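Peer 1: Here you go, this is upload.txt (compact mmCIF, C-alpha atoms).
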```txt
# COMPACT_ATOMS: atom_id res chain seq x y z
CA MET A 1138 -4.43 -1.91 -2.22
CA SER A 1139 -2.55 -2.81 -5.42
CA LYS A 1140 -0.92 -6.21 -5.90
CA THR A 1141 2.53 -4.64 -5.63
CA LEU A 1142 1.77 -2.86 -2.35
CA ARG A 1143 0.20 -6.03 -0.97
CA CYS A 1144 3.30 -7.95 -2.02
CA VAL A 1145 5.54 -5.34 -0.36
CA GLU A 1146 3.62 -5.35 2.93
CA GLU A 1147 3.51 -9.14 3.09
CA SER A 1148 7.20 -9.33 2.19
CA ILE A 1149 8.25 -6.88 4.91
CA LEU A 1150 6.27 -8.90 7.44
CA GLY A 1151 7.96 -12.07 6.21
CA ILE A 1152 11.39 -10.48 6.44
CA THR A 1153 10.71 -9.23 9.96
CA ASN A 1154 9.70 -12.72 11.06
CA SER A 1155 12.77 -14.30 9.41
CA PHE A 1156 15.63 -12.26 10.88
CA SER A 1157 16.56 -14.90 13.45
CA SER A 1158 16.67 -17.60 10.75
CA ILE A 1159 18.74 -15.40 8.43
CA ALA A 1160 21.16 -14.65 11.26
CA LYS A 1161 21.70 -18.41 11.60
CA GLY A 1162 22.65 -18.77 7.95
CA GLU A 1163 19.40 -19.01 6.02
CA VAL A 1164 19.22 -17.02 2.77
CA LEU A 1165 15.90 -15.30 2.06
CA GLN A 1166 14.89 -14.23 -1.45
CA ILE A 1167 11.72 -12.24 -2.09
CA CYS A 1168 10.36 -10.76 -5.32
CA CYS A 1169 7.65 -8.28 -6.26
CA PHE A 1170 7.70 -8.30 -10.04
CA GLN A 1171 5.66 -5.19 -10.85
CA PRO A 1172 6.63 -1.59 -9.98
CA LYS A 1173 4.27 0.29 -7.67
CA ASN A 1174 2.96 2.60 -10.40
CA ASP A 1175 3.97 4.48 -13.53
CA ASP A 1176 5.53 7.38 -11.62
CA VAL A 1177 8.55 5.63 -10.13
CA LYS A 1178 10.91 8.62 -10.25
CA PRO A 1179 10.54 9.48 -6.53
CA LEU A 1180 11.21 5.84 -5.60
CA LEU A 1181 14.27 5.81 -7.84
CA LEU A 1182 15.54 8.91 -6.03
CA LYS A 1183 14.80 7.25 -2.69
CA ALA A 1184 16.83 4.25 -3.86
CA LEU A 1185 19.59 6.59 -5.02
CA GLY A 1186 19.77 8.13 -1.54
CA LEU A 1187 20.10 4.67 0.00
CA ILE A 1188 22.85 3.64 -2.43
CA LEU A 1189 24.71 6.87 -1.80
CA THR A 1190 24.73 6.34 1.97
CA ASP A 1191 24.84 2.56 2.46
CA GLY A 1192 25.31 0.87 -0.92
CA ASN A 1193 28.27 -0.44 -2.91
CA LEU A 1194 28.73 2.97 -4.48
CA SER A 1195 32.26 2.64 -5.88
CA ALA A 1196 31.63 -0.81 -7.33
CA LEU A 1197 28.50 0.35 -9.17
CA LEU A 1198 30.35 3.31 -10.65
CA LYS A 1199 33.03 0.90 -11.88
CA GLY A 1200 30.44 -1.25 -13.66
CA TYR A 1201 29.48 -3.85 -11.04
CA ARG A 1202 26.01 -5.08 -11.98
CA THR A 1203 24.40 -5.88 -8.62
CA ILE A 1204 23.30 -3.33 -6.03
CA VAL A 1205 24.51 -4.55 -2.64
CA PHE A 1206 24.14 -3.25 0.91
CA ARG A 1207 26.54 -4.86 3.39
CA GLY A 1208 26.62 -4.75 7.16
CA VAL A 1209 23.17 -3.20 7.62
CA ASN A 1210 20.92 -3.78 10.63
CA GLU A 1211 17.35 -5.08 10.72
CA SER A 1212 15.74 -1.65 10.41
CA SER A 1213 17.88 -0.75 7.41
CA VAL A 1214 17.02 -4.08 5.79
CA GLN A 1215 13.34 -3.16 6.08
CA SER A 1216 13.93 0.29 4.59
CA ILE A 1217 15.99 -1.06 1.68
CA SER A 1218 13.56 -3.91 1.02
CA LYS A 1219 10.46 -1.71 1.02
CA THR A 1220 12.10 0.73 -1.39
CA PHE A 1221 13.33 -1.77 -3.96
CA LEU A 1222 10.37 -4.14 -3.79
CA GLN A 1223 8.13 -1.22 -4.78
CA LEU A 1224 10.30 -0.93 -7.88
CA GLY A 1225 9.44 -4.50 -8.85
CA SER A 1226 12.74 -6.07 -7.86
CA CYS A 1227 13.95 -9.27 -6.25
CA ILE A 1228 16.03 -8.97 -3.11
CA ARG A 1229 18.25 -11.54 -1.45
CA ILE A 1230 19.02 -11.23 2.25
CA ARG A 1231 21.77 -13.16 3.98
CA ASN A 1232 23.73 -12.99 7.19
CA TYR A 1233 26.77 -10.70 7.17
CA SER A 1234 28.80 -11.92 10.13
CA PRO A 1235 31.79 -9.53 10.49
CA ASN A 1236 29.83 -6.96 12.49
CA VAL A 1237 28.53 -9.43 15.07
CA GLU A 1238 31.80 -9.39 16.97
CA LYS A 1239 32.14 -5.64 16.59
CA PHE A 1240 28.65 -4.56 17.60
CA GLY A 1241 27.26 -7.62 19.36
CA VAL A 1242 24.22 -7.78 17.07
CA PRO A 1243 23.75 -9.55 13.74
CA SER A 1244 24.12 -7.58 10.54
CA PHE A 1245 22.92 -8.44 7.08
CA GLN A 1246 23.69 -8.17 3.40
CA VAL A 1247 20.94 -7.19 0.97
CA SER A 1248 21.46 -7.80 -2.75
CA VAL A 1249 19.07 -6.27 -5.28
CA LEU A 1250 18.84 -8.61 -8.25
CA SER A 1251 18.47 -7.31 -11.80
CA LYS A 1252 15.46 -9.36 -12.83
CA GLY A 1253 12.20 -8.78 -14.67
CA SER A 1254 10.69 -5.30 -14.72
CA PHE A 1255 13.39 -3.94 -12.42
CA ARG A 1256 16.14 -4.44 -15.01
CA PRO A 1257 15.40 -1.26 -17.05
CA LEU A 1258 14.75 0.68 -13.84
CA LYS A 1259 18.10 -0.44 -12.53
CA GLU A 1260 19.78 0.94 -15.65
CA GLU A 1261 17.97 4.24 -15.10
CA LEU A 1262 19.11 4.20 -11.48
CA ILE A 1263 22.74 3.72 -12.53
CA LYS A 1264 22.40 6.67 -14.92
CA LEU A 1265 21.09 8.79 -12.05
CA LEU A 1266 24.00 7.64 -9.91
CA LYS A 1267 26.53 8.69 -12.55
CA SER A 1268 24.68 11.96 -13.09
CA VAL A 1269 24.74 12.85 -9.40
CA PHE A 1270 28.53 12.44 -9.41
CA GLU A 1271 29.19 14.22 -12.70
CA SER A 1272 26.78 17.18 -12.41
CA PRO A 1273 24.88 17.08 -9.10
CA LEU A 1274 23.39 20.58 -9.26
CA SER A 1275 22.09 19.96 -12.75
CA LEU A 1276 20.30 16.84 -11.51
CA PHE A 1277 18.95 18.46 -8.35
CA SER A 1278 17.53 21.43 -10.26
CA ARG A 1279 15.50 19.10 -12.48
CA LEU A 1280 13.91 17.14 -9.64
CA SER A 1281 10.29 17.59 -8.69
CA THR A 1282 9.62 18.53 -5.07
CA ARG A 1283 8.41 15.00 -4.37
CA ALA A 1284 11.48 13.41 -5.96
CA SER A 1285 13.71 15.76 -3.98
CA ALA A 1286 11.90 14.79 -0.77
CA ALA A 1287 12.32 11.10 -1.59
CA PHE A 1288 16.06 11.58 -2.14
CA LEU A 1289 16.36 13.32 1.22
CA ALA A 1290 14.40 10.48 2.83
CA GLY A 1291 16.89 8.00 1.37
CA ILE A 1292 19.75 9.97 2.89
CA LEU A 1293 17.94 10.09 6.24
CA ASP A 1294 17.24 6.36 6.19
CA GLY A 1295 20.93 5.76 5.56
CA ASP A 1296 22.96 8.41 7.38
CA GLY A 1297 20.29 10.37 9.22
CA TYR A 1298 19.42 10.54 12.89
CA VAL A 1299 16.19 11.69 14.50
CA GLY A 1300 16.59 12.57 18.17
CA LYS A 1301 14.35 10.81 20.65
CA GLU A 1302 14.07 13.56 23.22
CA LYS A 1303 15.17 16.83 21.60
CA ARG A 1304 13.44 15.96 18.33
CA TYR A 1305 16.21 17.22 16.09
CA ILE A 1306 17.15 15.76 12.72
CA SER A 1307 20.79 15.42 11.75
CA ILE A 1308 22.80 13.89 8.92
CA ALA A 1309 26.31 12.48 9.18
CA LEU A 1310 28.33 14.41 6.64
CA LYS A 1311 32.05 14.24 5.88
CA ARG A 1312 32.58 16.69 3.06
CA SER A 1313 36.00 15.24 2.31
CA SER A 1314 34.34 12.08 0.93
CA ASN A 1315 32.58 11.87 -2.43
CA LYS A 1316 29.22 11.02 -0.93
CA GLY A 1317 29.65 13.74 1.69
CA ARG A 1318 30.32 16.29 -1.03
CA ILE A 1319 27.18 15.27 -2.92
CA ILE A 1320 24.99 15.30 0.17
CA HIS A 1321 26.38 18.70 1.10
CA GLU A 1322 25.60 20.10 -2.36
CA PHE A 1323 22.10 18.64 -2.23
CA LEU A 1324 21.37 20.12 1.20
CA ARG A 1325 22.76 23.47 0.11
CA TYR A 1326 20.56 23.44 -3.00
CA VAL A 1327 17.38 22.47 -1.13
CA GLU A 1328 18.15 25.15 1.45
CA ALA A 1329 18.62 27.74 -1.31
CA VAL A 1330 15.11 27.07 -2.63
CA GLY A 1331 13.67 27.47 0.86
CA LEU A 1332 12.62 23.90 1.62
CA ILE A 1333 14.99 23.23 4.53
CA SER A 1334 17.42 25.06 6.78
CA VAL A 1335 20.84 23.61 7.57
CA GLY A 1336 22.80 24.31 10.73
CA LYS A 1337 25.84 23.00 12.54
CA TYR A 1338 25.48 20.28 15.14
CA THR A 1339 27.03 21.55 18.36
CA GLY A 1340 27.80 18.22 20.02
CA PRO A 1341 29.93 15.25 19.00
CA PRO A 1342 30.43 14.04 16.34
CA LYS A 1343 31.46 17.29 14.70
CA TYR A 1344 30.74 16.10 11.16
CA GLU A 1345 26.96 16.10 11.57
CA VAL A 1346 24.64 18.83 10.31
CA VAL A 1347 21.17 19.58 11.65
CA ILE A 1348 18.25 20.26 9.33
CA THR A 1349 14.91 21.92 10.01
CA PHE A 1350 11.89 22.39 7.78
CA PRO A 1351 10.61 25.92 7.09
CA SER A 1352 8.23 24.21 4.66
CA ILE A 1353 5.95 21.86 6.57
CA ASP A 1354 4.56 20.53 3.28
CA TYR A 1355 8.04 19.45 2.24
CA ALA A 1356 8.53 17.72 5.59
CA ARG A 1357 5.29 15.81 5.02
CA LEU A 1358 6.55 14.65 1.63
CA VAL A 1359 9.82 13.49 3.17
CA SER A 1360 7.91 11.55 5.83
CA GLU A 1361 6.13 9.54 3.13
CA TYR A 1362 9.45 7.99 2.06
CA VAL A 1363 11.17 7.45 5.41
CA TYR A 1364 10.88 3.66 5.79
CA HIS A 1365 13.39 2.98 8.57
CA PRO A 1366 10.94 1.96 11.36
CA LEU A 1367 12.52 3.85 14.27
CA LYS A 1368 13.43 6.93 12.24
CA ARG A 1369 9.96 7.01 10.71
CA GLU A 1370 8.30 6.86 14.13
CA ARG A 1371 10.47 9.68 15.46
CA PHE A 1372 10.17 11.74 12.28
CA LEU A 1373 6.37 11.61 12.43
CA ARG A 1374 6.53 12.67 16.08
CA TYR A 1375 8.87 15.50 15.11
CA LEU A 1376 6.42 16.50 12.36
CA ARG A 1377 3.51 16.59 14.79
CA ASN A 1378 5.51 18.78 17.16
CA VAL A 1379 6.38 21.18 14.33
CA GLU A 1380 2.73 21.39 13.33
CA ARG A 1381 1.73 22.08 16.92
CA SER A 1382 4.27 24.88 17.20
CA ARG A 1383 3.36 26.58 13.92
CA TYR A 1384 -0.36 26.16 13.55
CA CYS A 1385 -3.17 27.41 15.70
CA GLY A 1386 -5.15 24.56 17.20
CA THR A 1387 -8.11 26.73 18.18
CA SER A 1388 -10.73 27.23 15.49
CA ILE A 1389 -12.51 30.44 14.50
CA GLU A 1390 -15.74 29.06 15.98
CA GLN A 1391 -14.00 28.38 19.28
CA TYR A 1392 -12.64 31.93 19.39
CA LYS A 1393 -16.10 33.30 18.64
CA ALA A 1394 -17.39 31.45 21.70
CA ILE A 1395 -14.45 32.68 23.77
CA LEU A 1396 -15.02 36.31 22.74
CA ILE A 1397 -18.70 36.14 23.62
CA HIS A 1398 -18.06 34.71 27.10
CA ALA A 1399 -14.88 36.63 28.01
CA SER A 1400 -15.31 39.17 30.81
CA TYR A 1401 -11.75 40.44 31.18
CA GLY A 1402 -8.59 40.50 29.10
CA TYR A 1403 -5.15 42.05 28.97
CA LEU A 1404 -1.87 41.88 27.07
CA MET A 1405 0.92 40.05 28.87
CA LYS A 1406 3.99 41.81 27.51
CA LYS A 1407 7.58 40.61 27.53
CA GLY A 1408 10.14 42.65 25.65
CA ASN A 1409 8.91 43.24 22.11
CA SER A 1410 6.40 40.42 22.23
CA ALA A 1411 3.06 39.94 23.93
CA ILE A 1412 0.33 37.38 24.39
CA LEU A 1413 -3.35 38.02 24.87
CA VAL A 1414 -4.89 36.62 28.05
CA LEU A 1415 -8.66 36.31 28.33
CA TYR A 1416 -10.73 35.31 31.36
CA ILE A 1417 -14.18 33.73 31.40
CA PRO A 1418 -16.24 33.17 34.58
CA VAL A 1419 -16.89 29.43 34.76
CA ARG A 1420 -20.52 29.84 35.80
CA GLN A 1421 -21.15 32.24 32.94
CA ALA A 1422 -19.43 29.97 30.44
CA LYS A 1423 -21.15 26.67 31.28
CA LYS A 1424 -23.22 26.66 28.11
CA GLY A 1425 -20.27 27.58 25.93
CA LEU A 1426 -17.64 25.59 27.77
CA ARG A 1427 -17.86 22.53 25.53
CA SER A 1428 -17.43 24.54 22.33
CA ILE A 1429 -14.50 26.41 23.87
CA THR A 1430 -12.51 23.42 25.10
CA SER A 1431 -13.33 20.74 22.54
CA GLY A 1432 -11.32 20.12 19.38
CA GLY A 1433 -8.02 21.64 18.42
CA ILE A 1434 -4.55 20.63 19.57
CA LEU A 1435 -3.90 23.28 22.22
CA PRO A 1436 -4.10 22.44 25.94
CA LYS A 1437 -7.40 23.06 27.66
CA PRO A 1438 -7.78 26.47 29.33
CA LEU A 1439 -6.50 26.81 32.87
CA VAL A 1440 -9.26 26.94 35.48
CA ALA A 1441 -8.36 29.02 38.53
CA GLY A 1442 -10.37 31.10 40.98
CA GLY A 1443 -13.65 30.26 39.31
CA ARG A 1444 -12.41 31.55 35.95
CA LEU A 1445 -11.07 30.11 32.74
CA MET A 1446 -7.77 31.66 31.72
CA ILE A 1447 -7.13 31.38 27.99
CA LYS A 1448 -3.89 32.50 26.36
CA VAL A 1449 -4.02 33.44 22.69
CA PRO A 1450 -0.57 32.98 21.07
CA LYS A 1451 0.58 35.07 18.13
CA LYS A 1452 0.15 32.16 15.72
CA CYS A 1453 -3.60 32.28 16.47
CA ILE A 1454 -4.06 35.97 15.64
CA PRO A 1455 -5.46 35.25 12.13
CA ASN A 1456 -8.18 32.99 13.59
CA LEU A 1457 -8.85 35.48 16.38
CA ALA A 1458 -9.19 38.33 13.87
CA LYS A 1459 -11.68 36.38 11.77
CA ALA A 1460 -13.61 35.42 14.89
CA LEU A 1461 -13.88 39.06 15.95
CA GLU A 1462 -14.93 40.09 12.46
CA GLN A 1463 -17.65 37.42 12.33
CA SER A 1464 -18.94 37.92 15.89
CA ASP A 1465 -22.03 39.89 16.83
CA THR A 1466 -20.57 43.12 18.25
CA ASN A 1467 -23.48 43.44 20.66
CA ARG A 1468 -22.51 40.15 22.30
CA VAL A 1469 -18.79 40.93 22.75
CA ASN A 1470 -17.75 42.99 25.76
CA GLU A 1471 -16.58 46.41 24.54
CA LYS A 1472 -13.35 46.32 26.58
CA ILE A 1473 -12.61 42.81 25.33
CA ALA A 1474 -13.10 43.96 21.76
CA GLU A 1475 -10.70 46.87 22.29
CA VAL A 1476 -7.89 44.78 23.80
CA VAL A 1477 -8.32 42.18 21.05
CA LYS A 1478 -8.12 44.86 18.35
CA THR A 1479 -4.96 46.25 19.96
CA TYR A 1480 -3.39 42.79 20.02
CA ILE A 1481 -4.26 42.18 16.38
CA LYS A 1482 -3.06 45.61 15.27
CA ASP A 1483 0.23 45.69 17.20
CA TYR A 1484 1.28 42.05 16.99
CA GLY A 1485 -0.48 40.55 14.02
CA MET A 1486 -2.73 41.80 11.31
CA SER A 1487 -5.50 44.38 11.24
CA PRO A 1488 -9.01 42.93 11.44
```
Please go through the file and, once you have read it, give me the structure as structure tokens.

Peer 2:
Amino acid sequence: MSKTLRCVEESILGITNSFSSIAKGEVLQICCFQPKNDDVKPLLLKALGLILTDGNLSALLKGYRTIVFRGVNESSVQSISKTFLQLGSCIRIRNYSPNVEKFGVPSFQVSVLSKGSFRPLKEELIKLLKSVFESPLSLFSRLSTRASAAFLAGILDGDGYVGKEKRYISIALKRSSNKGRIIHEFLRYVEAVGLISVGKYTGPPKYEVVITFPSIDYARLVSEYVYHPLKRERFLRYLRNVERSRYCGTSIEQYKAILIHASYGYLMKKGNSAILVLYIPVRQAKKGLRSITSGGILPKPLVAGGRLMIKVPKKCIPNLAKALEQSDTNRVNEKIAEVVKTYIKDYGMSP
């Protein structure tokens, strides 16, 4: 671990342990004087997303020299601190009392000081801020995929919400405001290049939009820069669920074992779709049972009536096709082979 990352991790721990003292009036100042690495552009875009959603946006555009976040909660303090400390900055955290009466919990003010190696980076950040207001699409089109993901993560850390139960991701977005207009243009651009999909949120509040990730790789990049503790935890859970739903958790080797031991199979059809169901006598499959049920992320096969019932979803057709191709035809039941070929041909790809 580099000195900067060690400094950041130790600083976040120190901040977490100091919230009660800060709430009582103590001022905490922490510095990490060296940027994380030479490629700081994604972190600058992450910082830009935070400023856009929670920072003193108007003041910075008017020439105010210090980046300030007012009225933020503990989790947001951690997100802001981790972002800017990786850029080699000093941050000052103090109690921000007005919201205590309103929300019943302490809120804080985070000031990012223009010191040391962060000073030139701060100037670059201000240029990015002006650029995103003057010609947002021009800026967005020049971003790398990673920088784009970091910017989206900054927006999510600030104005995003990750559902606990339904696992949806939404962003508060009032297009009548300047920041809402910019966020809207960014989401529209990223959607146009196929990295996300944007939809309307059906419940209150009406100004939220819901985003999904057609590109799982892009979602993984975004997850690297989501630092808000609760949102990060839920985002990673959301990511795991997406991976489960899109990727086959049963390996080619497992399907080879299943094909060899299967004694009966049929296509369970519903409308224009179907799923392949295979049965294996438990007694016959004892030797191959471990290889069939171990590994992967799919549930174990259902055991009923002395047989294993295994459903092969459409997302697993590529693995199934390769398994059939690589299997010894003399060891696969002829009727099983035929129903598998039909499933592959009609609902997936030809073996």

Peer 1: Find the residues around Leu1224 (chain A) up to 9 Å (all atoms listed in the file counted), leave out those fewer than 3 positions away in its own chain, and share them as a list in words.

Peer 2: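 Everything that qualifies: Thr1141, Cys1169, Phe1170, Gln1171, Pro1172, Lys1173, Asn1174, Val1177, Leu1180, Leu1181, Lys1219, Thr1220, Phe1221, Ser1254, Phe1255 and Leu1258 of chain A.
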
Peer 1: Please tell me which residues are no farther than 12 Å from (13.1, -5.5, 4.0) in the file, counting all atoms listed in the file, and write them as a ChimeraX atom specification.

Peer 2: /A:1144-1156,1165-1169,1206,1209-1223,1226-1231,1245-1249,1364-1366

Peer 1: Hey, which of A:Ser1195, A:Lys1451, A:Asn1456, A:Ile1417 ends up closest to Ser1314 (chain A)? Count all atoms listed in the file.

Peer 2: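 Residue with the minimum atom-to-atom distance to Ser1314 (chain A): A:Ser1195.
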
Peer 1: I'd like the neighbourhood of Leu1289 (chain A) as a PyMOL selection string, where a residue qualifies if any of its atoms comes within 8 Å (using only C-alpha atoms), though same-chain residues fewer than 3 positions away should be ignored.

Peer 2: chain A and resi 1183+1186+1285-1286+1292-1293+1359

Peer 1: Find the residues near Leu1194 (chain A): any atom within 10 Å, counting only C-alpha atoms, skip ones fewer than 3 places away on the same chain, and give them as a list in words.

Peer 2: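 That gives Leu1185, Leu1187, Ile1188, Leu1189, Thr1190, Asp1191, Leu1197, Leu1198, Lys1199, Tyr1201, Ile1204, Val1205, Phe1206, Leu1266, Asn1315 and Lys1316 of chain A.
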
Peer 1: Please dump the current selection as a compact mmCIF listing (two decimals), in the coordinates of the input; keep C-alpha atoms.

Peer 2:
```txt
# COMPACT_ATOMS: atom_id res chain seq x y z
CA LEU A 1185 19.59 6.59 -5.02
CA LEU A 1187 20.10 4.67 0.00
CA ILE A 1188 22.85 3.64 -2.43
CA LEU A 1189 24.71 6.87 -1.80
CA THR A 1190 24.73 6.34 1.97
CA ASP A 1191 24.84 2.56 2.46
CA LEU A 1197 28.50 0.35 -9.17
CA LEU A 1198 30.35 3.31 -10.65
CA LYS A 1199 33.03 0.90 -11.88
CA TYR A 1201 29.48 -3.85 -11.04
CA ILE A 1204 23.30 -3.33 -6.03
CA VAL A 1205 24.51 -4.55 -2.64
CA PHE A 1206 24.14 -3.25 0.91
CA LEU A 1266 24.00 7.64 -9.91
CA ASN A 1315 32.58 11.87 -2.43
CA LYS A 1316 29.22 11.02 -0.93
```
